[in-house]
$ cat structure-v3.cif   # mmCIF, C-alpha atoms and all ligand atoms
data_upload
loop_
_atom_site.label_atom_id
_atom_site.label_comp_id
_atom_site.auth_asym_id
_atom_site.auth_seq_id
_atom_site.Cartn_x
_atom_site.Cartn_y
_atom_site.Cartn_z
CA MET C 105 -17.27 74.11 91.25
CA GLU C 106 -18.50 70.70 92.23
CA ARG C 107 -21.97 69.51 91.25
CA LEU C 108 -24.34 70.54 94.02
CA HIS C 109 -27.65 69.26 95.26
CA SER C 110 -30.13 71.93 94.20
CA ASP C 111 -30.56 75.65 93.89
CA LEU C 112 -32.35 77.78 96.46
CA ALA C 113 -35.31 78.69 94.21
CA ASP C 114 -35.99 75.04 93.52
CA PHE C 115 -35.49 74.07 97.14
CA VAL C 116 -37.90 76.60 98.67
CA LYS C 117 -40.52 75.80 96.06
CA LYS C 118 -40.34 72.06 96.63
CA ASN C 119 -40.08 72.28 100.42
CA PRO C 120 -42.74 74.75 101.56
CA SER C 121 -42.65 73.38 105.11
CA THR C 122 -38.97 74.26 105.56
CA ASN C 123 -38.67 75.81 108.99
CA LEU C 124 -37.49 79.33 109.68
CA ALA C 125 -34.20 78.24 111.27
CA THR C 126 -33.14 76.44 108.09
CA ARG C 127 -34.06 79.44 105.93
CA ILE C 128 -32.12 81.80 108.20
CA HIS C 129 -29.03 79.56 108.15
CA ILE C 130 -29.10 79.44 104.35
CA LEU C 131 -29.33 83.24 104.18
CA TYR C 132 -26.47 83.56 106.65
CA ASP C 133 -24.28 81.37 104.43
CA VAL C 134 -25.10 83.58 101.45
CA SER C 135 -24.23 86.71 103.45
CA LYS C 136 -20.84 85.18 104.31
CA GLY C 137 -20.16 84.53 100.62
CA LEU C 138 -21.21 88.05 99.73
CA ARG C 139 -19.03 89.45 102.52
CA TYR C 140 -16.09 87.75 100.87
CA LEU C 141 -16.90 89.15 97.40
CA HIS C 142 -17.36 92.68 98.76
CA SER C 143 -14.14 92.48 100.81
CA LEU C 144 -11.96 91.97 97.74
CA THR C 145 -9.90 94.89 96.47
CA PRO C 146 -11.57 96.30 94.48
CA PRO C 147 -14.89 94.80 95.63
CA LEU C 148 -16.57 92.28 93.39
CA ILE C 149 -20.24 93.09 92.79
CA HIS C 150 -22.21 89.98 91.95
CA ARG C 151 -25.03 91.86 90.16
CA ASP C 152 -27.26 88.80 89.81
CA LEU C 153 -27.82 87.62 93.34
CA THR C 154 -31.00 85.60 92.93
CA ALA C 155 -32.32 82.37 94.42
CA PRO C 156 -31.59 80.26 91.28
CA ASN C 157 -27.96 81.40 91.56
CA ILE C 158 -27.61 80.15 95.14
CA LEU C 159 -26.60 76.51 95.19
CA LEU C 160 -27.16 74.15 98.09
CA THR C 161 -25.08 71.20 99.21
CA GLU C 162 -26.65 68.05 100.61
CA ASP C 163 -26.41 69.37 104.16
CA LEU C 164 -28.03 72.65 103.04
CA THR C 165 -24.91 74.76 103.07
CA ALA C 166 -25.45 77.59 100.60
CA LYS C 167 -22.90 78.72 98.02
CA ILE C 168 -23.06 81.68 95.68
CA GLY C 169 -22.89 80.64 92.03
CA ASP C 170 -23.16 82.20 88.58
CA LEU C 171 -20.66 85.02 88.68
CA GLY C 172 -21.28 85.49 84.95
CA VAL C 173 -22.21 89.18 85.17
CA SER C 174 -20.20 90.14 88.26
CA ARG C 175 -17.80 93.09 88.04
CA TYR C 176 -14.91 94.51 90.06
CA VAL C 177 -15.82 98.09 90.92
CA ASP C 178 -13.51 100.69 92.47
CA PRO C 179 -15.58 102.27 95.28
CA THR C 180 -13.77 105.61 94.95
CA VAL C 181 -14.76 106.09 91.31
CA PRO C 182 -18.43 106.23 90.24
CA THR C 183 -18.76 103.33 87.86
CA ILE C 184 -21.28 103.26 85.07
CA LEU C 185 -21.95 99.85 83.59
CA SER C 186 -23.91 99.61 80.42
CA THR C 187 -25.54 96.23 80.90
CA ASN C 188 -28.54 95.86 83.13
CA PRO C 189 -28.31 92.29 84.29
CA GLY C 190 -30.34 90.15 86.57
CA HIS C 191 -33.95 89.35 87.24
CA LEU C 192 -36.33 92.29 87.20
CA PHE C 193 -37.72 91.54 90.63
CA TYR C 194 -34.27 91.64 92.18
CA MET C 195 -33.01 94.77 90.43
CA SER C 196 -32.42 97.90 92.46
CA PRO C 197 -33.89 101.33 91.58
CA GLU C 198 -30.44 102.73 90.68
CA SER C 199 -29.91 99.96 88.13
CA GLN C 200 -33.08 101.13 86.34
CA GLU C 201 -31.66 104.58 85.66
CA GLU C 202 -30.33 105.75 82.33
CA ASN C 203 -26.63 105.59 83.28
CA PRO C 204 -26.72 103.32 86.30
CA VAL C 205 -23.95 103.80 88.88
CA TYR C 206 -23.14 100.57 90.63
CA THR C 207 -21.87 100.04 94.16
CA THR C 208 -21.84 97.01 96.41
CA LYS C 209 -25.24 98.22 97.68
CA LEU C 210 -26.72 96.87 94.46
CA ASP C 211 -26.17 93.36 95.83
CA ILE C 212 -27.66 94.39 99.18
CA PHE C 213 -30.91 95.33 97.43
CA SER C 214 -30.92 91.94 95.73
CA PHE C 215 -30.18 90.33 99.08
CA GLY C 216 -33.32 91.96 100.52
CA ASN C 217 -35.32 90.34 97.74
CA LEU C 218 -33.49 87.08 98.23
CA ILE C 219 -34.68 87.06 101.85
CA ILE C 220 -38.25 87.56 100.65
CA HIS C 221 -37.93 84.81 98.06
CA THR C 222 -36.44 82.46 100.65
CA VAL C 223 -39.20 83.22 103.15
CA ILE C 224 -42.28 83.18 100.92
CA GLY C 225 -40.94 80.43 98.67
CA ASP C 226 -41.76 82.11 95.39
CA LEU C 227 -41.05 85.12 93.31
CA PRO C 228 -43.75 87.73 92.75
CA LYS C 229 -44.12 88.58 89.07
CA VAL C 230 -43.42 92.20 88.24
CA TYR C 231 -43.71 94.43 85.18
CA ARG C 232 -41.74 97.53 84.38
CA ILE C 233 -44.08 99.92 82.61
CA SER C 234 -46.15 102.72 84.18
CA ALA C 235 -49.59 102.29 85.65
CA SER C 236 -51.15 104.19 82.74
CA ASP C 237 -50.04 101.50 80.31
CA PRO C 238 -52.98 99.98 78.37
CA ASN C 239 -51.72 96.52 79.26
CA GLU C 240 -52.06 97.18 82.97
CA ALA C 241 -55.35 95.32 83.27
CA LEU C 242 -53.82 92.32 81.53
CA TYR C 243 -50.79 92.32 83.83
CA LYS C 244 -53.04 92.54 86.86
CA ARG C 245 -55.08 89.60 85.61
CA GLU C 246 -51.82 87.67 85.34
CA GLY C 247 -51.15 88.50 88.99
CA LYS C 248 -48.23 90.81 88.25
CA ILE C 249 -47.36 93.88 90.26
CA GLU C 250 -45.95 97.11 88.91
CA LEU C 251 -42.21 97.31 89.49
CA MET C 252 -42.26 100.40 91.66
CA ARG C 253 -44.86 98.86 93.94
CA ARG C 254 -43.14 95.49 94.33
CA ASN C 255 -41.69 96.20 97.76
CA THR C 256 -44.89 97.34 99.42
CA SER C 257 -46.80 94.45 97.96
CA VAL C 258 -44.21 91.97 99.14
CA HIS C 259 -44.09 93.46 102.64
CA VAL C 260 -47.74 92.62 102.97
CA LYS C 261 -47.15 89.04 101.86
CA MET C 262 -44.22 88.50 104.20
CA GLY C 263 -45.92 90.09 107.20
CA GLU C 264 -44.55 93.00 109.18
CA ASP C 265 -44.12 90.93 112.32
CA HIS C 266 -41.79 88.44 110.60
CA THR C 267 -38.38 88.08 112.28
CA LEU C 268 -36.61 89.00 109.05
CA TYR C 269 -38.87 91.92 108.18
CA PRO C 270 -36.71 94.73 109.70
CA LEU C 271 -33.66 93.50 107.79
CA VAL C 272 -35.60 93.26 104.53
CA VAL C 273 -36.86 96.83 104.88
CA ARG C 274 -33.33 98.14 105.38
CA CYS C 275 -31.91 96.22 102.43
CA LEU C 276 -34.66 97.55 100.17
CA TYR C 277 -34.17 101.26 100.77
CA ASP C 278 -34.37 103.10 97.46
CA ARG C 279 -31.22 105.08 98.20
CA PRO C 280 -28.17 102.79 98.11
CA GLU C 281 -26.31 104.67 100.85
CA GLN C 282 -29.15 103.98 103.29
CA ARG C 283 -28.82 100.22 102.86
CA PRO C 284 -26.60 98.38 105.34
CA ALA C 285 -23.19 97.04 104.33
CA VAL C 286 -22.85 93.29 103.99
CA GLU C 287 -20.97 93.01 107.31
CA GLU C 288 -24.00 94.38 109.10
CA VAL C 289 -26.41 92.13 107.21
CA SER C 290 -24.24 89.16 108.03
CA SER C 291 -23.94 89.96 111.74
CA SER C 292 -27.74 90.45 112.02
CA LEU C 293 -28.22 87.02 110.45
CA ARG C 294 -25.58 85.44 112.68
CA GLU C 295 -27.47 86.70 115.70
CA LEU C 296 -30.72 85.28 114.31
CA CYS C 297 -28.98 81.94 113.73
CA HIS C 298 -28.17 81.81 117.43
CA ARG C 299 -31.77 82.55 118.31
CA HIS C 300 -33.01 79.92 115.83
CA PRO C 301 -30.66 76.94 116.07
CA ARG C 302 -30.94 74.43 113.27
CA MET C 303 -31.45 70.88 114.42
CA ALA C 304 -29.58 68.05 112.74
CA ILE C 305 -32.97 66.39 112.23
CA ASP C 306 -33.88 69.15 109.74
CA ILE C 307 -30.85 68.37 107.64
CA CYS C 308 -31.47 64.62 107.73
CA TYR C 309 -35.11 65.16 106.85
CA TYR C 310 -34.34 67.02 103.63
CA ASP C 311 -31.48 64.72 102.81
CA ALA C 312 -33.76 61.72 103.07
CA LEU C 313 -36.52 63.44 101.13
CA TYR C 314 -34.19 64.19 98.25
CA SER C 315 -32.87 60.66 98.21
CA CYS C 316 -36.16 58.90 97.64
CA SER C 317 -38.24 58.88 94.52
CA HIS C 318 -41.52 57.04 95.18
CA SER C 319 -44.90 58.38 96.10
CA TRP C 320 -45.00 57.05 99.64
CA LYS C 321 -42.04 59.26 100.53
CA HIS C 322 -43.63 60.52 103.68
CA THR C 323 -44.49 57.14 105.18
CA ARG C 324 -40.98 55.89 104.60
CA LEU C 325 -39.55 59.00 106.09
CA VAL C 326 -41.64 58.66 109.23
CA MET C 327 -40.55 55.01 109.52
CA TRP C 328 -36.94 55.96 109.00
CA VAL C 329 -37.02 58.69 111.66
CA TRP C 330 -38.65 56.15 114.01
CA PHE C 331 -35.90 53.54 113.43
CA ARG C 332 -33.34 56.26 113.72
CA SER C 333 -34.48 57.26 117.19
CA TYR C 334 -33.79 53.64 118.27
CA TRP C 335 -30.42 53.75 116.54
CA THR C 336 -29.37 56.94 118.33
CA VAL C 337 -29.99 55.41 121.74
CA GLY C 338 -28.06 52.29 120.72
CA LEU C 339 -31.00 49.87 120.40
CA ILE C 340 -30.28 49.26 116.72
CA PRO C 341 -26.69 48.57 115.58
CA THR C 342 -25.28 50.84 112.89
CA ARG C 343 -24.99 48.03 110.32
CA LEU C 344 -28.68 47.23 110.66
CA MET C 345 -29.58 50.91 110.52
CA ARG C 346 -27.60 51.24 107.32
CA ARG C 347 -29.50 48.30 105.83
CA ILE C 348 -32.87 49.73 106.91
CA THR C 349 -31.94 53.04 105.34
CA GLU C 350 -31.00 51.40 102.07
CA LEU C 351 -34.21 49.38 102.01
CA LEU C 352 -36.39 52.38 102.74
CA PHE C 353 -34.79 54.79 100.33
CA ALA C 354 -33.37 52.45 97.69
CA GLY C 355 -30.18 54.41 97.85
CA PRO C 356 -27.74 55.59 100.45
CA VAL C 357 -28.72 58.34 102.84
CA ARG C 358 -25.43 59.76 103.92
CA MET C 359 -24.50 58.02 107.15
CA ASP C 360 -22.20 60.82 108.19
CA MET C 361 -25.31 62.97 108.55
CA MET C 362 -26.49 60.63 111.25
CA ARG C 363 -25.02 62.25 114.29
CA TRP C 364 -27.14 64.26 116.65
N1 LIG T 401 -22.47 73.43 90.48
C1 LIG T 401 -23.76 73.23 90.28
N2 LIG T 401 -24.39 72.18 90.88
C2 LIG T 401 -25.72 71.98 90.68
N3 LIG T 401 -26.52 72.74 89.93
C3 LIG T 401 -25.98 73.78 89.29
C4 LIG T 401 -24.56 74.09 89.43
N4 LIG T 401 -24.32 75.21 88.70
C5 LIG T 401 -25.49 75.57 88.13
N5 LIG T 401 -26.50 74.73 88.49
C6 LIG T 401 -27.93 74.80 88.08
O1 LIG T 401 -28.03 75.41 86.80
C7 LIG T 401 -28.78 76.62 86.86
C8 LIG T 401 -28.17 77.66 85.93
O2 LIG T 401 -26.78 77.83 86.22
P1 LIG T 401 -26.08 79.27 86.26
O3 LIG T 401 -24.64 79.06 86.61
O4 LIG T 401 -26.87 80.15 87.18
O5 LIG T 401 -26.16 79.75 84.75
P2 LIG T 401 -27.12 80.80 84.00
O6 LIG T 401 -28.04 81.44 85.00
O7 LIG T 401 -26.14 81.78 83.44
O8 LIG T 401 -27.83 79.99 82.99
C9 LIG T 401 -28.75 77.05 88.34
O9 LIG T 401 -29.89 77.81 88.67
C10 LIG T 401 -28.72 75.69 89.04
O10 LIG T 401 -30.04 75.19 89.17
MG MG T 402 -27.97 81.86 86.88
#
$ encode --input "structure-v3.cif" --output "structure tokens" --more "lines below"
Ligand SMILES: Nc1ncnc2c1ncn2[C@@H]1O[C@H](COP(=O)(O)OP(=O)(O)O)[C@@H](O)[C@H]1O
Ligand SMILES: [Mg+2]
Amino acid sequence: MERLHSDLADFVKKNPSTNLATRIHILYDVSKGLRYLHSLTPPLIHRDLTAPNILLTEDLTAKIGDLGVSRYVDPTVPTILSTNPGHLFYMSPESQEENPVYTTKLDIFSFGNLIIHTVIGDLPKVYRISASDPNEALYKREGKIELMRRNTSVHVKMGEDHTLYPLVVRCLYDRPEQRPAVEEVSSSLRELCHRHPRMAIDICYYDALYSCSHSWKHTRLVMWVWFRSYWTVGLIPTRLMRRITELLFAGPVRMDMMRW
């Protein structure tokens, strides 16, 4: 795989003002990748679908990475896998059982959590042990939530009126068979993409932000967008615009991104 721009965890943390349309488009890309993995014969279960394992290109196209713990699983035969991979927050209830049986719905549960992570920009800390554990007070002080309560707690944080909330709830059903298949997840997201079109300006904005390194990032960006608006209507020739871009960002902002 080629070297990509950033991973999704890093991106949402560093860009808290990312708009909803961009987040939805990223999630839609991930669902398309997952649809491919689950459509293989036998299906390939990723088993570690987390934001750090989603890589982003410069134009914010998302790609699924880190297939290190993925497994082909025959859907007609219950498959028990001994290892219990992945990040605790993303792990489904069935993977916590003694002899966990894995299906593609394991990834759907993780996808529900991936939506939450992408929307709220961070990962709630969770702990596994029961509420009667003597360390409970300590965990609470550290801001952690007990594993079995993670979903309810996150629902509150995301907000029940959020556009993505109904999809999250369905992905996070405890019983795997109640969760939607990836095709359904993907088509729901495609529909949301149509309702929330991503503007080219969003892409250029992040591209420019990543390309510059000094503290007055924002001022330069505002100036650049201002020059750019003149360039788009033909008042500034492309060669000059290229020069302005180089001066402002001390490095090339991809000119092929400059079409809107
Ligand atoms: N192709 C890539 N381009 C850019 N960054 C990458 C790429 N592959 C991995 N990374 C970065 O390295 C981190 C760890 O890589 P990963 O493949 O997930 O290995 P592991 O989780 O097993 O250590 C990712 O979260 C990402 O930030
Ligand atoms: Mg990884």
$ closest_atom_pairs --input "structure-v3.cif" --of "chain C" --to "ligand MG 402 (chain T)" --cutoff "7 Å" --atoms "all atoms listed in the file" --output "tab-separated table"
residue	atom	partner	partner_atom	distance
C:Pro156	CA	T:MG402	MG	5.9
C:Asn157	CA	T:MG402	MG	4.7
C:Asp170	CA	T:MG402	MG	5.1
$ atom_distance --input "structure-v3.cif" --atom1 "CA of Gly172 in chain C" --atom2 "atom O7 of ligand LIG 401 (chain T)"
6.3 Å
$ closest_residue --input "structure-v3.cif" --among "C:His300, C:Gly169, C:Ile149, C:Tyr140" --to "ligand LIG 401 (chain T)" --atoms "only C-alpha atoms and all ligand atoms"
C:Gly169
$ residues_around --input "structure-v3.cif" --residues "Asp111 in chain C" --least-positions-apart "6" --cutoff "12 Å" --atoms "all atoms listed in the file" --output "number ranges by chain"
C: 117-118, 130, 154-162, 164-170, 222
$ closest_residue --input "structure-v3.cif" --among "C:Arg347, C:Glu202, C:Ile128, C:Ile340" --to "Thr267 in chain C" --atoms "only C-alpha atoms"
C:Ile128
$ closest_residue --input "structure-v3.cif" --among "C:Arg324, C:Arg332, C:His150, C:Arg283" --to "Leu351 in chain C" --atoms "only C-alpha atoms"
C:Arg324
$ closest_residue --input "structure-v3.cif" --among "C:Ser135, C:Asn203, C:Ser174, C:Thr122" --to "ligand LIG 401 (chain T)" --atoms "all atoms listed in the file"
C:Ser174
$ closest_residue --input "structure-v3.cif" --among "C:Arg346, C:Arg107, C:Lys244, C:Arg175" --to "ligand LIG 401 (chain T)" --atoms "only C-alpha atoms and all ligand atoms"
C:Arg107
$ closest_residue --input "structure-v3.cif" --among "C:Phe115, C:Tyr194, C:Phe213, C:Tyr277" --to "ligand LIG 401 (chain T)" --atoms "only C-alpha atoms and all ligand atoms"
C:Phe115
$ axis_aligned_box --input "structure-v3.cif" --around "ligand LIG 401 (chain T)" --padding-each-side "3 Å" --output "lines of an AutoDock Vina configuration file"
center_x = -26.3
center_y = 76.9
center_z = 86.9
size_x = 13.6
size_y = 15.8
size_z = 13.9
$ residues_around --input "structure-v3.cif" --residues "Leu268 in chain C" --least-positions-apart "5" --cutoff "9 Å" --atoms "only C-alpha atoms" --output "PyMOL selection string"
chain C and resi 128+219-220+223+273+293+296
$ atom_distance --input "structure-v3.cif" --atom1 "CA of Glu201 in chain C" --atom2 "atom P2 of ligand LIG 401 (chain T)"
24.3 Å
$ atom_distance --input "structure-v3.cif" --atom1 "CA of Ala285 in chain C" --atom2 "CA of Ala113 in chain C"
24.2 Å
$ residues_around --input "structure-v3.cif" --residues "Cys297 in chain C" --least-positions-apart "6" --cutoff "12 Å" --atoms "only C-alpha atoms" --output "list in words"
Leu124, Ala125, Thr126, Arg127, Ile128, His129, Ile130, Leu131, Tyr132, Asp133, Thr267, Leu268, Ser290, Ser291 and Met303 of chain C
